[in-house]
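A.B. asks: Sending over a structure as structure tokens; questions will come in a sec.
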Amino acid sequence: MAADQFILIPGISPLPGLKSAGGKGLSLWKLIEQKFPVPPFFILSADYFRQEKFKNEHPFVSDGLSEQILETIRIHLGTYDLFSVRSSAVQEDGSHYSFAGQFKTVLNVKAADVPAAIEEVMKSASSETVLAYLNHQKKEGSGAEMAVIIQAMIPSDKSGVGFSIDPVTGNRNCQRISAVTGLGELLVSGEVNADEYTVSRNQEILFLQTGKQPHSAIDSGVLSEGEIKQVSELIRTSESFFGRYQDIEWTFAKGKLYLLQSRPVTTFSALPDRSDHLTLWDNSNITESYPGMTSPLTFSFIEDIYREVYQQFCKVLGVETELISANHEVFSMLGHLKYRVYYNLGNWYQVLSLLPGYEINSGFMEQMMGVKEKGGVTVKTVPSRQNKYVRLIRMVFHLLREWIRIESSIRNFYIRFQAALDKVPDEFLRNQPPSVLKSAYQKLEKNLITRWDAPLVNDFFAMIAFGLLVKQLEKLNIDQPKSTANLLLMDEGGIISTEPAADLRVLAEKIRENQDLTDKILACSYPTECVRLIRSEQESAQLFDLYLKKFGNRWAEELKLETITPATQPELIIPLIKVYLTSGSFTKSADLSSDKNKAIDQIEGKLGPFILKKAGFRWVLNQARNRVKSRENLRFERTRLFAKIRTIFTEWGEYYFRNDIISSPRDIFFLTKEELFRFSEGTSPDVDLKALIESRKKDWNEAQSVRLPERIKTFGSPFSFNQLIGEEPPVLSGDLSGLGCSKGKIRGKVKVVHSPGEIEGLSGCILVAEKTDPGWTPLFPLAKGLIIERGSLLSHAAIVAREMGIPAIVSVPGVMTVLTSGMWVEMDGSTGMIVILEGENQHE
């Protein structure tokens, strides 16, 4: 090709492609065609430099090309004396790779020196910095493919850059302008301090900083108010033309504004849009039920449950049905961030604001519900049209009515619950098609999930009763009121969560009666063979199968549908049975009756001779005991419901696997409930479930290495702008403290446990864990004490530890990073203090 065919001239040559003009050149071409004030230029095409002769360090500009370039300058740029020679890489100025500052730019070049300047620019395409940049961006190659722009040099009076968004804060509603006197290169190189302007979308000047000092007087800076608005308008029109946020370079010469460059802003994808709505996410409470990562199927199931449950909760408290409907969007209570379950605290606060009495005393309502701090969340619900005092009276009436009938409501719930499960036996679900399985799910949803009123009301009353108990103790100036409240709730009996450990102990004792059987089980390395051995002895088999029938689904992470439990794989429980067989002793429940009686005597002594006050205290205490006990027992019914739902979707996965719709039965858990229903109905846009599942598996694997904080703030969609980034574990040291929830002061060796399967060496040690759920209960009697990083005074670990009389502390920040297995500590289950022991203190 002739040399002049590589010279591209706007207005004469046809519109070039990106591979010919490069990113910067193509943008300028489009701008000048749209009459933007771009100084005249022409482009030496990247196609010229792709020729074979340049692969062996041949000079880039031949004599013939030099002559052609000089002739083009004379004809098309002849009225200018000086020129700029700039890069225009094919990869440059895209939405992901800007190459800003990576290539050589030569300014104030005389016409005769332009060929030499082109040589300089082209050599920078393969510089070490460019190669490093390409490597960092994971792009291969020996350098950047490049075109070169030869442009008329404007004698700048003032110059700068402008962004159509704030590149620091990410605010999409304002522009940022930087300005210096003279050439813009002084700004880019950092040789001078620029004036900084923040301008709103309607050209209101929000902030001015001259050099390094904030100012309020516009005329004290480089630009006048009129010039600021001119640059602002240029930024706006450039963004409007390209349809993306722009980063421009501009200059004023003799009062006229020129656009030197416009490229997409490449860093905004990592900057949240703070003008969008704020959401506060928190998993400090829900992690007890859904620790770690949770499958899409489980999340889609529980998302509907939580929405329904909170709507029921509002109805119970007398919130108008039409008000619930008008605010239906705030009942989306959960988020699924990197496959972790979080509460949407913003919506939680919004729901709280719907309750009668909130508008009268929001602070009291928030305190009663356990709200800590709002973190910037504002309440924007549709308000009630009814009188606030009428609403409050109605809520009080509803609460009194529910409190009076709570025991009968719970009894009726148990009856209804069992009847609903009996209508969907596991045997019926085996080998059924999706239509039958879906119908079974919908029956459970109708009869149970949408009628979860008794557990919901009881949870609420448990929180109120426990809070009132602590409040009474505080008014009486009782030392450590929360610890005393815990003592008064200990060892009440009747809590079902203590039964699995007791039943395992009975099973272990029965097996130990047969020494030969015991020796065979302990020597056996295969769990399935151990199950066979246990079932070979009649009485042991009966106890074993009875345990599986009653508690086979009470297992770690039992509320996740993807969890495999001993109910379907009995061999999972063998390691636990072996530990029970080898444990010579278990942590015995302390006899706390004397301490409890002393505490009650002390309280009643402070109440004086007032019979009504004493009766009131006894009533609050009994209510707290009954409600907390029922809370834990009703949670077991939730476990049973989730087990039935698990069976339904497990059978669904087996069916789809048999029919080659998915690659594995357990792949079903990577789909959502809605996707399964719509696919079975023929209304799904995703017909290739295998591809969808593989995509989610890839995301799942990538998310496993991410550690998310307990609380996250996001703006707009949490999945955009790289807002869900991991955090480094906190660096802590020294003694620790938390919420003492079960009385007892002990010393012991620490055993850090990450999952219930890590039970070797636990016997007689202090169990330390990040969080626990009801499936951890059988481990508790093996431990001398419990220290849990997450939890509250009404969490499962606290309730069961109190009932078993095991010293326990919950809500201990950073305990998993400070304590390691083998360390010795002294813990006080009353005060919540944990002291790390060293040297000669490492003994009981």
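Each chain in the structure tokens gets a letter, A, B and so on, in the order shown; residues start at 1 in every chain, and ligands are counted from 1 in the order they appear.
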Applying 6 Å and only C-alpha atoms, which residues near Val199 in chain A remain after dropping the ones on its own chain fewer than 3 positions away? List them as number ranges by chain.

C.D. replies: A: 174-175, 203-206

A.B. asks: Suppose we keep N, CA and C atoms; can you now write the selection as a PDB file, in the first residue's frame?

C.D. replies:
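For reference, out.pdb as written:
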ATOM      1  N   CYS A 174     -22.600  14.759  40.178  1.00  0.00           N
ATOM      2  CA  CYS A 174     -21.780  15.965  40.069  1.00  0.00           C
ATOM      3  C   CYS A 174     -20.573  15.693  39.168  1.00  0.00           C
ATOM      4  N   GLN A 175     -19.962  16.774  38.718  1.00  0.00           N
ATOM      5  CA  GLN A 175     -18.768  16.716  37.885  1.00  0.00           C
ATOM      6  C   GLN A 175     -17.567  17.213  38.683  1.00  0.00           C
ATOM      7  N   GLN A 203     -25.175  22.617  36.878  1.00  0.00           N
ATOM      8  CA  GLN A 203     -24.100  23.610  36.800  1.00  0.00           C
ATOM      9  C   GLN A 203     -24.026  24.528  38.012  1.00  0.00           C
ATOM     10  N   GLU A 204     -24.500  24.054  39.131  1.00  0.00           N
ATOM     11  CA  GLU A 204     -24.294  24.788  40.376  1.00  0.00           C
ATOM     12  C   GLU A 204     -22.920  24.418  40.926  1.00  0.00           C
ATOM     13  N   ILE A 205     -22.101  25.425  41.225  1.00  0.00           N
ATOM     14  CA  ILE A 205     -20.742  25.184  41.710  1.00  0.00           C
ATOM     15  C   ILE A 205     -20.820  24.854  43.202  1.00  0.00           C
ATOM     16  N   LEU A 206     -20.495  23.593  43.551  1.00  0.00           N
ATOM     17  CA  LEU A 206     -20.666  23.109  44.918  1.00  0.00           C
ATOM     18  C   LEU A 206     -19.427  23.292  45.778  1.00  0.00           C
TER      19      LEU A 206
END

A.B. asks: Please identify all polymer residues within 7 Å of Met833 in chain A, counting only C-alpha atoms, omitting same-chain residues fewer than 6 positions from it, and present them as an MDAnalysis selection string.

C.D. replies: chainID A and resid 736:738 827

A.B. asks: Excluding same-chain residues fewer than 6 positions from Ala808 in chain A, what lies within 9 Å of it counting only C-alpha atoms, as a short mmCIF file (atom, residue, chain, number, x, y, z; two decimals) with all heavy atoms, in the first residue's frame?

C.D. replies:
data_model
loop_
_atom_site.label_atom_id
_atom_site.label_comp_id
_atom_site.auth_asym_id
_atom_site.auth_seq_id
_atom_site.Cartn_x
_atom_site.Cartn_y
_atom_site.Cartn_z
N LEU A 739 -20.76 -11.81 76.33
CA LEU A 739 -21.97 -11.87 77.13
C LEU A 739 -21.97 -13.17 77.93
O LEU A 739 -22.08 -14.26 77.35
CB LEU A 739 -23.21 -11.80 76.25
CG LEU A 739 -23.48 -10.49 75.51
CD1 LEU A 739 -24.70 -10.66 74.61
CD2 LEU A 739 -23.71 -9.36 76.50
N GLY A 740 -21.82 -13.05 79.23
CA GLY A 740 -21.95 -14.24 80.07
C GLY A 740 -23.39 -14.70 80.06
O GLY A 740 -24.29 -13.93 80.37
N CYS A 741 -23.63 -15.97 79.70
CA CYS A 741 -25.03 -16.43 79.56
C CYS A 741 -25.32 -17.69 80.36
O CYS A 741 -26.46 -18.12 80.41
CB CYS A 741 -25.36 -16.66 78.09
SG CYS A 741 -24.33 -17.86 77.28
N SER A 742 -24.28 -18.30 80.97
CA SER A 742 -24.51 -19.48 81.80
C SER A 742 -23.44 -19.49 82.88
O SER A 742 -22.24 -19.53 82.60
CB SER A 742 -24.46 -20.76 80.97
OG SER A 742 -24.78 -21.88 81.76
N LYS A 743 -23.87 -19.46 84.14
CA LYS A 743 -22.99 -19.23 85.28
C LYS A 743 -21.94 -20.33 85.43
O LYS A 743 -22.18 -21.49 85.14
CB LYS A 743 -23.82 -19.13 86.55
CG LYS A 743 -23.01 -18.78 87.80
CD LYS A 743 -23.91 -18.64 89.00
CE LYS A 743 -23.09 -18.29 90.24
NZ LYS A 743 -23.93 -18.14 91.44
N GLY A 744 -20.76 -19.93 85.92
CA GLY A 744 -19.69 -20.86 86.23
C GLY A 744 -18.34 -20.27 85.89
O GLY A 744 -18.16 -19.69 84.81
N GLY A 785 -16.75 -26.08 79.01
CA GLY A 785 -17.37 -24.76 78.91
C GLY A 785 -17.48 -24.37 77.45
O GLY A 785 -16.90 -25.02 76.56
N LEU A 786 -18.23 -23.31 77.17
CA LEU A 786 -18.46 -22.85 75.80
C LEU A 786 -18.09 -21.38 75.66
O LEU A 786 -18.47 -20.56 76.50
CB LEU A 786 -19.94 -23.01 75.41
CG LEU A 786 -20.60 -24.37 75.61
CD1 LEU A 786 -22.08 -24.27 75.23
CD2 LEU A 786 -19.91 -25.43 74.78
N ILE A 787 -17.33 -21.08 74.60
CA ILE A 787 -17.04 -19.68 74.23
C ILE A 787 -17.39 -19.54 72.76
O ILE A 787 -16.76 -20.19 71.90
CB ILE A 787 -15.57 -19.31 74.47
CG1 ILE A 787 -15.19 -19.49 75.95
CG2 ILE A 787 -15.30 -17.87 74.03
CD1 ILE A 787 -13.72 -19.25 76.24
N ILE A 788 -18.40 -18.71 72.44
CA ILE A 788 -18.90 -18.59 71.08
C ILE A 788 -18.75 -17.15 70.59
O ILE A 788 -19.14 -16.21 71.30
CB ILE A 788 -20.39 -19.01 70.99
CG1 ILE A 788 -20.63 -20.33 71.73
CG2 ILE A 788 -20.83 -19.12 69.55
CD1 ILE A 788 -19.88 -21.52 71.19
N ALA A 797 -27.28 -21.56 71.71
CA ALA A 797 -26.17 -21.98 72.57
C ALA A 797 -26.39 -21.50 74.00
O ALA A 797 -26.12 -22.24 74.96
CB ALA A 797 -24.85 -21.46 72.02
N ALA A 798 -26.88 -20.27 74.16
CA ALA A 798 -27.09 -19.72 75.50
C ALA A 798 -28.19 -20.47 76.23
O ALA A 798 -28.04 -20.83 77.41
CB ALA A 798 -27.45 -18.23 75.39
N ALA A 801 -26.97 -24.18 76.97
CA ALA A 801 -25.91 -24.19 77.98
C ALA A 801 -26.49 -23.94 79.36
O ALA A 801 -26.10 -24.58 80.35
CB ALA A 801 -24.86 -23.15 77.63
N ARG A 802 -27.42 -22.99 79.47
CA ARG A 802 -28.07 -22.73 80.76
C ARG A 802 -28.80 -23.97 81.26
O ARG A 802 -28.74 -24.32 82.44
CB ARG A 802 -29.05 -21.55 80.63
CG ARG A 802 -28.41 -20.19 80.58
CD ARG A 802 -29.42 -19.10 80.83
NE ARG A 802 -30.40 -18.98 79.77
CZ ARG A 802 -30.32 -18.12 78.75
NH1 ARG A 802 -29.26 -17.34 78.64
NH2 ARG A 802 -31.26 -18.06 77.84
N MET A 827 -12.47 -18.70 82.26
CA MET A 827 -13.69 -18.04 81.78
C MET A 827 -14.70 -17.93 82.92
O MET A 827 -14.80 -18.82 83.78
CB MET A 827 -14.30 -18.79 80.60
CG MET A 827 -14.71 -20.23 80.90
SD MET A 827 -15.59 -21.02 79.52
CE MET A 827 -17.16 -20.15 79.57
N ASP A 828 -15.44 -16.84 82.90
CA ASP A 828 -16.47 -16.61 83.91
C ASP A 828 -17.80 -16.42 83.18
O ASP A 828 -18.03 -15.41 82.53
CB ASP A 828 -16.14 -15.36 84.73
CG ASP A 828 -17.07 -15.19 85.94
OD1 ASP A 828 -18.22 -15.66 85.86
OD2 ASP A 828 -16.64 -14.58 86.94
N GLY A 829 -18.66 -17.44 83.29
CA GLY A 829 -19.94 -17.40 82.60
C GLY A 829 -20.91 -16.38 83.15
O GLY A 829 -21.97 -16.15 82.55
N SER A 830 -20.58 -15.76 84.27
CA SER A 830 -21.44 -14.70 84.83
C SER A 830 -21.06 -13.34 84.28
O SER A 830 -21.91 -12.57 83.83
CB SER A 830 -21.34 -14.69 86.35
OG SER A 830 -21.83 -15.89 86.91
N GLY A 832 -18.74 -12.78 81.78
CA GLY A 832 -18.35 -12.79 80.38
C GLY A 832 -16.87 -12.54 80.15
O GLY A 832 -16.43 -12.37 79.02
#

A.B. asks: Hey, what's within 12 Å of Leu641 in chain A if we count only C-alpha atoms and toss same-chain stuff fewer than 4 positions away? As a ChimeraX atom specification, please?

C.D. replies: /A:302,305,414,417-422,424-425,441,444-445,447-449,452,553-554,558-561,634-637,645-648

A.B. asks: So, counting only C-alpha atoms, which residue among A:Arg430, A:Lys614, A:His796, A:Lys697 is closest to Tyr655 in chain A?

C.D. replies: A:Arg430

A.B. asks: Can you pull out the residues contacting range 656-671 of chain A? Cut-off 6 Å, using only C-alpha atoms, and skip same-chain residues under 6 positions away; I want them as a list in words.

C.D. replies: Ser295, Pro296, Leu297, Lys690 and Ile693 of chain A

A.B. asks: Would you export the selected residues with C-alpha atoms as an mmCIF file, in the first residue's frame, please?

C.D. replies:
data_model
loop_
_atom_site.group_PDB
_atom_site.id
_atom_site.type_symbol
_atom_site.label_atom_id
_atom_site.label_comp_id
_atom_site.auth_asym_id
_atom_site.auth_seq_id
_atom_site.Cartn_x
_atom_site.Cartn_y
_atom_site.Cartn_z
ATOM 1 C CA SER A 295 -27.357 -22.527 48.303
ATOM 2 C CA PRO A 296 -29.657 -20.626 45.915
ATOM 3 C CA LEU A 297 -32.446 -23.149 46.564
ATOM 4 C CA LYS A 690 -27.027 -27.658 33.191
ATOM 5 C CA ILE A 693 -25.915 -24.664 37.218
#

A.B. asks: Would you kindly return, as a ChimeraX atom specification, each protein, DNA or RNA residue with an atom no farther than 8 Å from any atom of Glu249 in chain A, considering only C-alpha atoms and excluding same-chain residues fewer than 5 positions away?

C.D. replies: /A:159-162,184,259-262

A.B. asks: Run DSSP on the backbone of this structure and report the residues of range 731-808 of chain A it assigns to strand (DSSP E or B), as a list in words.

C.D. replies: Leu736, Ser737, Leu739, Gly740, Cys741, Ser742, Lys745, Ile746, Arg747, Gly748, Lys749, Val750, Lys751, Val752, Ile766, Leu767, Val768, Ala769, Gly785, Leu786, Ile787, Ile788 and Ala808 of chain A

A.B. asks: Save out the residues we just selected, N, CA and C atoms, as an mmCIF file, in the first residue's frame.

C.D. replies:
data_model
loop_
_atom_site.group_PDB
_atom_site.id
_atom_site.type_symbol
_atom_site.label_atom_id
_atom_site.label_comp_id
_atom_site.auth_asym_id
_atom_site.auth_seq_id
_atom_site.Cartn_x
_atom_site.Cartn_y
_atom_site.Cartn_z
ATOM 1 N N LEU A 736 -10.205 -11.323 76.608
ATOM 2 C CA LEU A 736 -11.413 -11.110 75.825
ATOM 3 C C LEU A 736 -12.621 -10.989 76.755
ATOM 4 N N SER A 737 -13.729 -10.531 76.196
ATOM 5 C CA SER A 737 -14.965 -10.466 76.960
ATOM 6 C C SER A 737 -16.146 -10.595 76.020
ATOM 7 N N LEU A 739 -20.757 -11.811 76.326
ATOM 8 C CA LEU A 739 -21.965 -11.873 77.134
ATOM 9 C C LEU A 739 -21.973 -13.169 77.933
ATOM 10 N N GLY A 740 -21.822 -13.053 79.234
ATOM 11 C CA GLY A 740 -21.947 -14.236 80.070
ATOM 12 C C GLY A 740 -23.385 -14.699 80.064
ATOM 13 N N CYS A 741 -23.634 -15.969 79.699
ATOM 14 C CA CYS A 741 -25.026 -16.426 79.560
ATOM 15 C C CYS A 741 -25.319 -17.687 80.356
ATOM 16 N N SER A 742 -24.284 -18.296 80.974
ATOM 17 C CA SER A 742 -24.509 -19.475 81.802
ATOM 18 C C SER A 742 -23.439 -19.486 82.883
ATOM 19 N N LYS A 745 -17.383 -20.376 86.827
ATOM 20 C CA LYS A 745 -16.032 -19.870 86.600
ATOM 21 C C LYS A 745 -15.090 -21.064 86.580
ATOM 22 N N ILE A 746 -14.438 -21.296 85.436
ATOM 23 C CA ILE A 746 -13.605 -22.487 85.266
ATOM 24 C C ILE A 746 -12.310 -22.135 84.547
ATOM 25 N N ARG A 747 -11.343 -23.037 84.677
ATOM 26 C CA ARG A 747 -10.119 -22.993 83.886
ATOM 27 C C ARG A 747 -10.069 -24.236 83.024
ATOM 28 N N GLY A 748 -9.485 -24.111 81.849
ATOM 29 C CA GLY A 748 -9.387 -25.288 81.004
ATOM 30 C C GLY A 748 -8.620 -25.019 79.728
ATOM 31 N N LYS A 749 -8.346 -26.113 79.033
ATOM 32 C CA LYS A 749 -7.645 -26.044 77.754
ATOM 33 C C LYS A 749 -8.647 -25.769 76.635
ATOM 34 N N VAL A 750 -8.242 -24.935 75.699
ATOM 35 C CA VAL A 750 -9.109 -24.537 74.592
ATOM 36 C C VAL A 750 -9.077 -25.594 73.487
ATOM 37 N N LYS A 751 -10.247 -25.864 72.922
ATOM 38 C CA LYS A 751 -10.356 -26.659 71.699
ATOM 39 C C LYS A 751 -11.181 -25.842 70.712
ATOM 40 N N VAL A 752 -10.502 -25.296 69.684
ATOM 41 C CA VAL A 752 -11.190 -24.504 68.670
ATOM 42 C C VAL A 752 -11.852 -25.465 67.683
ATOM 43 N N ILE A 766 -12.520 -26.642 76.826
ATOM 44 C CA ILE A 766 -13.454 -25.534 76.604
ATOM 45 C C ILE A 766 -13.651 -25.377 75.104
ATOM 46 N N LEU A 767 -14.868 -25.575 74.649
ATOM 47 C CA LEU A 767 -15.185 -25.505 73.225
ATOM 48 C C LEU A 767 -15.237 -24.042 72.797
ATOM 49 N N VAL A 768 -14.475 -23.711 71.759
ATOM 50 C CA VAL A 768 -14.469 -22.354 71.188
ATOM 51 C C VAL A 768 -14.913 -22.466 69.735
ATOM 52 N N ALA A 769 -15.945 -21.714 69.353
ATOM 53 C CA ALA A 769 -16.465 -21.771 67.988
ATOM 54 C C ALA A 769 -16.930 -20.389 67.550
ATOM 55 N N GLY A 785 -16.748 -26.081 79.007
ATOM 56 C CA GLY A 785 -17.367 -24.764 78.908
ATOM 57 C C GLY A 785 -17.483 -24.370 77.446
ATOM 58 N N LEU A 786 -18.230 -23.307 77.169
ATOM 59 C CA LEU A 786 -18.463 -22.848 75.800
ATOM 60 C C LEU A 786 -18.087 -21.380 75.664
ATOM 61 N N ILE A 787 -17.330 -21.076 74.598
ATOM 62 C CA ILE A 787 -17.040 -19.684 74.231
ATOM 63 C C ILE A 787 -17.390 -19.542 72.758
ATOM 64 N N ILE A 788 -18.397 -18.710 72.438
ATOM 65 C CA ILE A 788 -18.903 -18.593 71.075
ATOM 66 C C ILE A 788 -18.747 -17.150 70.594
ATOM 67 N N ALA A 808 -20.914 -20.717 79.997
ATOM 68 C CA ALA A 808 -20.895 -20.303 78.591
ATOM 69 C C ALA A 808 -20.833 -18.800 78.465
#

A.B. asks: Would you mind listing what lies within 6 Å of range 341-354 of chain A as a tab-separated table (two decimals) with N, CA, C and O atoms, in the first residue's frame, with only C-alpha atoms counted and same-chain residues fewer than 4 positions away left out?

C.D. replies:
chain	number	residue	atom	x	y	z
A	279	THR	N	-28.30	0.59	51.56
A	279	THR	CA	-28.80	-0.61	52.22
A	279	THR	C	-27.77	-1.05	53.25
A	279	THR	O	-26.57	-1.10	52.95
A	280	LEU	N	-28.25	-1.37	54.43
A	280	LEU	CA	-27.39	-1.85	55.50
A	280	LEU	C	-27.67	-3.33	55.70
A	280	LEU	O	-28.79	-3.73	55.98
A	281	TRP	N	-26.61	-4.15	55.53
A	281	TRP	CA	-26.75	-5.60	55.66
A	281	TRP	C	-26.05	-6.06	56.94
A	281	TRP	O	-24.97	-5.57	57.26
A	282	ASP	N	-26.64	-7.03	57.62
A	282	ASP	CA	-26.06	-7.52	58.87
A	282	ASP	C	-26.40	-8.99	59.03
A	282	ASP	O	-27.54	-9.41	58.82
A	283	ASN	N	-25.40	-9.80	59.41
A	283	ASN	CA	-25.67	-11.23	59.61
A	283	ASN	C	-25.36	-11.69	61.03
A	283	ASN	O	-25.20	-12.88	61.29
A	330	VAL	N	-41.07	-3.66	51.50
A	330	VAL	CA	-40.15	-3.62	52.64
A	330	VAL	C	-40.08	-4.97	53.35
A	330	VAL	O	-39.24	-5.15	54.23
A	333	MET	N	-36.76	-9.22	53.43
A	333	MET	CA	-35.95	-9.06	54.63
A	333	MET	C	-34.53	-9.57	54.50
A	333	MET	O	-33.69	-9.29	55.36
A	334	LEU	N	-34.24	-10.35	53.46
A	334	LEU	CA	-32.94	-11.03	53.38
A	334	LEU	C	-32.18	-10.66	52.12
A	334	LEU	O	-32.76	-10.26	51.11
A	335	GLY	N	-30.87	-10.80	52.19
A	335	GLY	CA	-30.00	-10.66	51.03
A	335	GLY	C	-29.12	-11.89	50.91
A	335	GLY	O	-28.84	-12.57	51.90
A	336	HIS	N	-28.69	-12.17	49.69
A	336	HIS	CA	-27.83	-13.33	49.41
A	336	HIS	C	-26.54	-12.81	48.80
A	336	HIS	O	-26.39	-12.71	47.59
A	358	TYR	N	-44.84	3.32	67.05
A	358	TYR	CA	-43.52	3.75	66.59
A	358	TYR	C	-43.47	5.26	66.43
A	358	TYR	O	-42.50	5.90	66.81
A	377	VAL	N	-29.63	4.58	57.78
A	377	VAL	CA	-30.86	4.18	57.12
A	377	VAL	C	-32.00	5.11	57.53
A	377	VAL	O	-32.16	5.44	58.70
A	379	VAL	N	-36.26	6.01	57.36
A	379	VAL	CA	-37.56	5.35	57.25
A	379	VAL	C	-38.39	6.06	56.19
A	379	VAL	O	-38.61	7.26	56.27

A.B. asks: What are the nearest atom pairs, with distances in Å to one decimal, for all residues of range 413-519 of chain A that come at most 9 Å from range 536-543 of chain A, using only C-alpha atoms, set out by chain and rising residue number as CSV?

C.D. replies:
residue,atom,partner,partner_atom,distance
A:Asp503,CA,A:Leu543,CA,8.1
A:Leu504,CA,A:Leu543,CA,8.8
A:Val506,CA,A:Leu543,CA,8.2
A:Leu507,CA,A:Leu543,CA,6.0
A:Ala508,CA,A:Ser540,CA,8.6
A:Lys510,CA,A:Ser540,CA,6.3
A:Ile511,CA,A:Ser540,CA,6.2
A:Leu517,CA,A:Glu537,CA,8.3

A.B. asks: As a list in words, please: all residues of range 521-565 of chain A that backbone DSSP puts in helix (DSSP H, G or I).

C.D. replies: Ile521, Leu522, Ala523, Pro527, Thr528, Glu529, Cys530, Val531, Arg532, Leu533, Ile534, Arg535, Gln538, Glu539, Ser540, Ala541, Gln542, Leu543, Phe544, Asp545, Leu546, Tyr547, Leu548, Lys549, Lys550 and Phe551 of chain A

A.B. asks: Measuring atom to atom with only C-alpha atoms, identify which of A:Lys446, A:Met804, A:Leu208, A:Gln472 is nearest to Ala501 in chain A.

C.D. replies: A:Met804

A.B. asks: Could you check how far CA of Gln723 in chain A sits from CA of Pro272 in chain A, in Å to one decimal?

C.D. replies: 6.9 Å

A.B. asks: Go through A:Ile573, A:Leu323, A:Leu488, A:Ala21 one by one, measure the shortest atom-to-atom distance of each to Pro527 in chain A using only C-alpha atoms, and give the residue with the smallest value.

C.D. replies: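 The shortest atom-to-atom distance to Pro527 in chain A comes from A:Ile573.
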
A.B. asks: Taking only C-alpha atoms into account, name the residue in A:Glu145, A:Asp166, A:Glu509, A:Glu571 that is nearest to Tyr526 in chain A.

C.D. replies: A:Glu571

A.B. asks: Select, from A:Ser156, A:Ser66, A:Gln602, A:Ser695, the residue with the minimum atom-to-atom distance to Leu107 in chain A, counting only C-alpha atoms.

C.D. replies: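 Smallest distance to Leu107 in chain A is found for A:Ser156.
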
A.B. asks: Which value, in Å to one decimal, gives the distance between CA of Met395 in chain A and CA of Gln311 in chain A?

C.D. replies: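 Computing it gives 14.8 Å between the two atoms.
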
A.B. asks: With 10 Å as the cut-off and only C-alpha atoms counted, what is the closest atom pair between each nearby residue of range 370-448 of chain A and range 458-464 of chain A? Distances in Å to one decimal, ordered by chain and number, as a Markdown table.

C.D. replies:
| residue | atom | partner | partner_atom | distance |
| --- | --- | --- | --- | --- |
| A:Gly370 | CA | A:Met463 | CA | 8.8 |
| A:Leu399 | CA | A:Phe461 | CA | 9.0 |
| A:Glu402 | CA | A:Asn458 | CA | 9.2 |
| A:Trp403 | CA | A:Phe461 | CA | 7.7 |
| A:Ile406 | CA | A:Asn458 | CA | 7.2 |
| A:Glu407 | CA | A:Asn458 | CA | 9.2 |
| A:Ser409 | CA | A:Asn458 | CA | 9.4 |
| A:Ile410 | CA | A:Asn458 | CA | 8.3 |
